[in-house]
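So the structure is just underneath, and the comments pick up after that.
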Amino acid sequence: RARAPSQAMTANTRDAPVPNAFDAVYASCARRAFGPMTMGGLAHRGATTPSATATGGAMTTFAASSANEASAGVKFAKDVFAGTCGGITVTLLGHPFDTVKVLLQTQSAKNPVYSGAVDAASKVIKSEGVAGLYRGVQSPLAGQMFFRATLFFAYARAKEFVGVSPDDPLSYCKAGGLAWLAGTFFESPIDLYKSQWQCQLIKTKADPNYKSPYASVGDVVKESWKHNGIRGPYQAFSATLARNLPAGAVYFGVFENTKNAFAARNEDGKATNLQIIASGGIGGFFYWSLFYPIDVIKSALMTDSVVPAQRKYSGFMDAAGKLYAGGGVRAFYRGLVPCLLRASPANAGMLFCVDFVRRAID
């Protein structure tokens, strides 16, 4: 004999919210799999019990959480992919200039091998061909892909954290500084091993009888870890950080604000591809021109011996003092010309590539 439902049950049934489409599908699947009692014994009458409502709500919350996680995962993948493309671009465009810069920065002030950037490049090409300008490119190519992926992912998250806005030009500088802080932990080891390998070229040119102790970049890595352990890859880390924090803030700040200034003048409110390239070139120019002396000190520390007992410099200030004693103020600007020649096209290409890829996959 049917029993009249209690007042409480009637109230719950009447006041329960109508399930959404997801809840309805879930309830239907549950009834088919486990029978009508699954939904509190009233599913066969179409009623929604408190337990059914709670279950549907929980599943809806779970679905929303899963959607958010999926969205975050997609954003991560897009940032990493765009940054990786940027790393390939900046390496292929900039490595020859970087090779010449390191050669000029690290040659002896008393007995220089090269008279300038053109002389250095021509001598390398004459003896080794164009491939000589790409000597040691394996390490930075692989490393830059990883480093730039990390950098641009960090920059995307930093912009969200800071809350960047065209109305607050300094907000891009703050986000840029945070991004380069994170990126330095990945860039420093890459730059160290690249510089150590490139340095072998100049030593071979200066002394034909010199025999490099390294047959490959891998040998440099092994030697570094052998004598310094986990600290090995971070030789000259403090100098790299001293350059990257202010330079990174200026780099992204100039790029974003220049791009925004271009966009504000256009009818559609968007910067054109050429304007984005120009913005990247200007950002790269300021990055290197303002902080180049710090980079010279960093290069001196990075090309110093990986064996602590054989090093010429004990630290940042010691390196700065000895460089000044050996060449005065000019010592801090050796290799500036090839660096600036590299800065604009390499960074313009990289930032445009990242921006273009990000827009394309969006």
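Chain labels run A, B, ... following the order of the structure tokens; each chain numbers its residues from 1, and ligands are numbered from 1 in the order shown.
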
Test item: residues at most 12 Å from stretch 128-137 of chain A, only C-alpha atoms, excluding those fewer than 6 positions along its chain, as number ranges by chain
A: 88, 90-103, 120-122, 143-145, 190-202, 205, 214-218, 220

Nearby residues (only C-alpha atoms) at most 12 Å from A:Ala82, same-chain spacing under 3 positions excluded, as a CSV table (one decimal) with N, CA and C atoms, in the first residue's frame:
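Saved file result_37.csv follows:
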chain,number,residue,atom,x,y,z
A,75,LYS,N,46.8,26.8,-22.2
A,75,LYS,CA,47.6,28.1,-22.2
A,75,LYS,C,49.1,27.8,-22.0
A,76,PHE,N,49.4,26.8,-21.1
A,76,PHE,CA,50.8,26.4,-20.9
A,76,PHE,C,51.4,25.9,-22.2
A,77,ALA,N,50.7,25.0,-22.9
A,77,ALA,CA,51.2,24.4,-24.1
A,77,ALA,C,51.4,25.5,-25.2
A,78,LYS,N,50.5,26.5,-25.3
A,78,LYS,CA,50.7,27.5,-26.3
A,78,LYS,C,51.9,28.4,-26.0
A,79,ASP,N,52.0,28.8,-24.7
A,79,ASP,CA,53.1,29.7,-24.3
A,79,ASP,C,54.5,29.0,-24.6
A,85,CYS,N,59.6,28.3,-30.5
A,85,CYS,CA,59.8,28.9,-31.8
A,85,CYS,C,60.7,30.1,-31.7
A,86,GLY,N,60.4,31.0,-30.7
A,86,GLY,CA,61.2,32.2,-30.5
A,86,GLY,C,62.7,31.8,-30.2
A,87,GLY,N,62.9,30.8,-29.5
A,87,GLY,CA,64.3,30.3,-29.2
A,87,GLY,C,65.0,29.9,-30.4
A,88,ILE,N,64.4,29.2,-31.3
A,88,ILE,CA,65.0,28.7,-32.5
A,88,ILE,C,65.4,29.9,-33.4
A,89,THR,N,64.4,30.9,-33.5
A,89,THR,CA,64.6,32.1,-34.3
A,89,THR,C,65.8,32.9,-33.8
A,145,MET,N,65.8,26.9,-26.9
A,145,MET,CA,64.4,26.5,-27.1
A,145,MET,C,63.8,26.3,-25.7
A,146,PHE,N,64.5,25.6,-24.8
A,146,PHE,CA,64.0,25.4,-23.5
A,146,PHE,C,63.9,26.7,-22.7
A,147,PHE,N,65.0,27.5,-22.8
A,147,PHE,CA,65.0,28.8,-22.0
A,147,PHE,C,63.9,29.7,-22.5
A,148,ARG,N,63.8,29.9,-23.8
A,148,ARG,CA,62.8,30.9,-24.2
A,148,ARG,C,61.4,30.4,-24.0
A,149,ALA,N,61.2,29.1,-24.0
A,149,ALA,CA,59.9,28.5,-23.7
A,149,ALA,C,59.6,28.8,-22.2
A,150,THR,N,60.6,28.7,-21.3
A,150,THR,CA,60.4,29.0,-19.9
A,150,THR,C,60.2,30.5,-19.7
A,151,LEU,N,61.0,31.3,-20.4
A,151,LEU,CA,60.9,32.7,-20.3
A,151,LEU,C,59.5,33.3,-20.7
A,152,PHE,N,59.0,32.9,-21.8
A,152,PHE,CA,57.7,33.4,-22.3
A,152,PHE,C,56.5,32.8,-21.5
A,153,PHE,N,56.7,31.6,-21.0
A,153,PHE,CA,55.7,31.1,-20.1
A,153,PHE,C,55.6,31.9,-18.8
A,156,ALA,N,54.1,35.3,-19.4
A,156,ALA,CA,52.7,35.3,-19.5
A,156,ALA,C,52.0,35.2,-18.1
A,350,MET,N,62.7,37.3,-32.9
A,350,MET,CA,62.2,36.4,-31.9
A,350,MET,C,60.9,36.9,-31.3
A,351,LEU,N,60.8,38.2,-31.0
A,351,LEU,CA,59.6,38.7,-30.4
A,351,LEU,C,58.4,38.7,-31.4
A,352,PHE,N,58.7,38.9,-32.7
A,352,PHE,CA,57.7,38.8,-33.7
A,352,PHE,C,57.2,37.4,-33.8
A,353,CYS,N,58.2,36.5,-33.8
A,353,CYS,CA,57.9,35.1,-34.0
A,353,CYS,C,57.0,34.6,-32.9
A,354,VAL,N,57.3,34.9,-31.6
A,354,VAL,CA,56.5,34.5,-30.5
A,354,VAL,C,55.1,35.1,-30.6
A,355,ASP,N,55.0,36.4,-30.9
A,355,ASP,CA,53.8,37.1,-31.0
A,355,ASP,C,52.9,36.6,-32.1
A,356,PHE,N,53.5,36.3,-33.2
A,356,PHE,CA,52.8,35.8,-34.4
A,356,PHE,C,52.3,34.4,-34.1
A,357,VAL,N,53.1,33.5,-33.6
A,357,VAL,CA,52.7,32.1,-33.3
A,357,VAL,C,51.6,32.1,-32.3
A,358,ARG,N,51.8,32.9,-31.3
A,358,ARG,CA,50.7,33.0,-30.2
A,358,ARG,C,49.4,33.4,-30.8
A,359,ARG,N,49.4,34.4,-31.7
A,359,ARG,CA,48.1,34.8,-32.3
A,359,ARG,C,47.6,33.8,-33.2
A,360,ALA,N,48.5,33.1,-33.9
A,360,ALA,CA,48.0,32.1,-34.9
A,360,ALA,C,47.3,30.9,-34.2
A,361,ILE,N,47.9,30.4,-33.1
A,361,ILE,CA,47.4,29.3,-32.4
A,361,ILE,C,46.2,29.6,-31.5
A,362,ASP,N,46.0,30.9,-31.3
A,362,ASP,CA,44.9,31.3,-30.5
A,362,ASP,C,43.6,31.4,-31.4

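Atom CA of A:Lys203 lies 18.6 Å from atom CA of A:Gly326.
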
Skipping near chain neighbours, those fewer than 6 positions away, what residues fall within 7 Å of A:Phe255 using only C-alpha atoms, listed as a ChimeraX atom specification?
/A:279-280,282-283

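Relative to atom CA of A:Phe237, atom CA of A:Ala109 is found at 24.7 Å.
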
So what do you get for atom CA of A:Ala271 versus atom CA of A:Gly183, distance-wise?
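Calculated distance between atom CA of A:Ala271 and atom CA of A:Gly183 is 26.8 Å.
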
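Each of A:Gly253, A:Pro293, A:Gly248, A:Gly116 was checked against A:Ser165 using only C-alpha atoms; the smallest atom-to-atom distance is that of A:Gly253.
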
Distance criterion (only C-alpha atoms): nearest to A:Gly229 out of A:Leu241, A:Val307, A:Glu187, A:Asp167
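Of all the options, A:Val307 lies closest to A:Gly229.
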
Apply DSSP to the structure's backbone, then extract all residues of stretch 168-349 of chain A labelled alpha helix (DSSP H) and return them as an NGL selection string.
:A and (169-206 or 217-228 or 237-265 or 273-302 or 316-327 or 336-349)

Selection: 10 Å around A:Leu301, only C-alpha atoms, excl. self and same-chain fewer than 2 positions, as a list of chain:residue names
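With the cut-off at 10 Å, the set is A:Leu192, A:Ser195, A:Gln235, A:Ala236, A:Phe237, A:Ala239, A:Thr240, A:Asp295, A:Val296, A:Ile297, A:Lys298, A:Ser299, A:Thr303, A:Asp304, A:Ser305, A:Val306, A:Arg311, A:Lys312, A:Tyr313, A:Ser314, A:Gly315, A:Phe316, A:Asp318, A:Ala319, A:Ala320.
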
Restrict the selected residues to C-alpha atoms and save them as a PDB file, in the first residue's frame.
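This went into part-v5.pdb:
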ATOM      1  CA  LEU A 192      78.195  29.194 -19.560  1.00  0.00           C
ATOM      2  CA  SER A 195      80.861  30.611 -23.845  1.00  0.00           C
ATOM      3  CA  GLN A 235      79.433  29.827 -12.648  1.00  0.00           C
ATOM      4  CA  ALA A 236      78.897  33.613 -13.018  1.00  0.00           C
ATOM      5  CA  PHE A 237      75.228  33.280 -12.033  1.00  0.00           C
ATOM      6  CA  ALA A 239      76.653  38.443 -12.913  1.00  0.00           C
ATOM      7  CA  THR A 240      73.966  37.013 -15.180  1.00  0.00           C
ATOM      8  CA  ASP A 295      77.672  41.553 -19.913  1.00  0.00           C
ATOM      9  CA  VAL A 296      81.416  42.012 -20.464  1.00  0.00           C
ATOM     10  CA  ILE A 297      82.083  41.180 -16.815  1.00  0.00           C
ATOM     11  CA  LYS A 298      79.741  38.195 -17.079  1.00  0.00           C
ATOM     12  CA  SER A 299      81.583  36.920 -20.148  1.00  0.00           C
ATOM     13  CA  THR A 303      85.040  32.060 -19.889  1.00  0.00           C
ATOM     14  CA  ASP A 304      87.259  31.722 -16.821  1.00  0.00           C
ATOM     15  CA  SER A 305      88.441  28.209 -15.972  1.00  0.00           C
ATOM     16  CA  VAL A 306      85.869  25.755 -14.660  1.00  0.00           C
ATOM     17  CA  ARG A 311      90.612  30.950 -12.219  1.00  0.00           C
ATOM     18  CA  LYS A 312      91.820  34.503 -12.849  1.00  0.00           C
ATOM     19  CA  TYR A 313      88.886  36.170 -11.124  1.00  0.00           C
ATOM     20  CA  SER A 314      87.535  35.579  -7.643  1.00  0.00           C
ATOM     21  CA  GLY A 315      84.211  37.287  -8.296  1.00  0.00           C
ATOM     22  CA  PHE A 316      82.252  40.079  -9.963  1.00  0.00           C
ATOM     23  CA  ASP A 318      87.484  41.426  -8.903  1.00  0.00           C
ATOM     24  CA  ALA A 319      86.759  40.835 -12.596  1.00  0.00           C
ATOM     25  CA  ALA A 320      85.555  44.433 -13.037  1.00  0.00           C
TER      26      ALA A 320
END

Using only C-alpha atoms, find each residue of stretch 236-289 of chain A with at least one atom at most 12 Å away from an atom of stretch 327-339 of chain A; report its shortest atom-to-atom pair and that distance in Å (one decimal), sort the rows by chain and rising residue number, and return the result as a tab-separated table.
residue	atom	partner	partner_atom	distance
A:Gly284	CA	A:Cys339	CA	10.1
A:Phe285	CA	A:Cys339	CA	9.1
A:Phe286	CA	A:Cys339	CA	11.5
A:Tyr287	CA	A:Cys339	CA	10.7
A:Trp288	CA	A:Cys339	CA	7.4
A:Ser289	CA	A:Leu336	CA	7.9

So that I have them on file, write out the residues from the current selection with all heavy atoms, as an mmCIF file, in the first residue's frame.
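Output below, filename out.cif:
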data_model
loop_
_atom_site.group_PDB
_atom_site.id
_atom_site.type_symbol
_atom_site.label_atom_id
_atom_site.label_comp_id
_atom_site.auth_asym_id
_atom_site.auth_seq_id
_atom_site.Cartn_x
_atom_site.Cartn_y
_atom_site.Cartn_z
ATOM 1 N N GLY A 284 65.288 45.093 -28.031
ATOM 2 C CA GLY A 284 66.578 44.415 -28.014
ATOM 3 C C GLY A 284 67.735 45.393 -27.956
ATOM 4 O O GLY A 284 68.733 45.155 -27.264
ATOM 5 N N PHE A 285 67.615 46.519 -28.656
ATOM 6 C CA PHE A 285 68.675 47.536 -28.651
ATOM 7 C C PHE A 285 68.886 48.090 -27.247
ATOM 8 O O PHE A 285 70.019 48.224 -26.778
ATOM 9 C CB PHE A 285 68.317 48.662 -29.623
ATOM 10 C CG PHE A 285 69.332 49.775 -29.644
ATOM 11 C CD1 PHE A 285 70.467 49.669 -30.438
ATOM 12 C CD2 PHE A 285 69.156 50.916 -28.884
ATOM 13 C CE1 PHE A 285 71.412 50.692 -30.460
ATOM 14 C CE2 PHE A 285 70.096 51.939 -28.896
ATOM 15 C CZ PHE A 285 71.226 51.828 -29.687
ATOM 16 N N PHE A 286 67.801 48.431 -26.577
ATOM 17 C CA PHE A 286 67.921 48.975 -25.224
ATOM 18 C C PHE A 286 68.435 47.934 -24.237
ATOM 19 O O PHE A 286 69.186 48.262 -23.315
ATOM 20 C CB PHE A 286 66.570 49.537 -24.753
ATOM 21 C CG PHE A 286 66.307 50.935 -25.221
ATOM 22 C CD1 PHE A 286 65.542 51.177 -26.347
ATOM 23 C CD2 PHE A 286 66.832 52.019 -24.554
ATOM 24 C CE1 PHE A 286 65.297 52.456 -26.805
ATOM 25 C CE2 PHE A 286 66.601 53.323 -24.986
ATOM 26 C CZ PHE A 286 65.831 53.535 -26.120
ATOM 27 N N TYR A 287 68.027 46.691 -24.422
ATOM 28 C CA TYR A 287 68.478 45.611 -23.531
ATOM 29 C C TYR A 287 70.006 45.549 -23.507
ATOM 30 O O TYR A 287 70.622 45.452 -22.442
ATOM 31 C CB TYR A 287 67.900 44.280 -24.017
ATOM 32 C CG TYR A 287 68.335 43.062 -23.234
ATOM 33 C CD1 TYR A 287 67.544 42.545 -22.220
ATOM 34 C CD2 TYR A 287 69.543 42.417 -23.512
ATOM 35 C CE1 TYR A 287 67.939 41.431 -21.500
ATOM 36 C CE2 TYR A 287 69.949 41.304 -22.797
ATOM 37 C CZ TYR A 287 69.133 40.809 -21.794
ATOM 38 O OH TYR A 287 69.536 39.700 -21.089
ATOM 39 N N TRP A 288 70.610 45.584 -24.696
ATOM 40 C CA TRP A 288 72.057 45.414 -24.771
ATOM 41 C C TRP A 288 72.831 46.711 -24.598
ATOM 42 O O TRP A 288 73.889 46.724 -23.956
ATOM 43 C CB TRP A 288 72.419 44.759 -26.102
ATOM 44 C CG TRP A 288 72.064 43.307 -26.123
ATOM 45 C CD1 TRP A 288 71.011 42.720 -26.777
ATOM 46 C CD2 TRP A 288 72.735 42.256 -25.426
ATOM 47 N NE1 TRP A 288 70.995 41.375 -26.526
ATOM 48 C CE2 TRP A 288 72.040 41.059 -25.709
ATOM 49 C CE3 TRP A 288 73.857 42.214 -24.602
ATOM 50 C CZ2 TRP A 288 72.444 39.836 -25.180
ATOM 51 C CZ3 TRP A 288 74.251 40.995 -24.074
ATOM 52 C CH2 TRP A 288 73.542 39.818 -24.370
ATOM 53 N N SER A 289 72.359 47.801 -25.153
ATOM 54 C CA SER A 289 73.142 49.037 -25.106
ATOM 55 C C SER A 289 73.280 49.595 -23.689
ATOM 56 O O SER A 289 74.339 50.128 -23.325
ATOM 57 C CB SER A 289 72.516 50.099 -26.011
ATOM 58 O OG SER A 289 71.196 50.413 -25.596
#
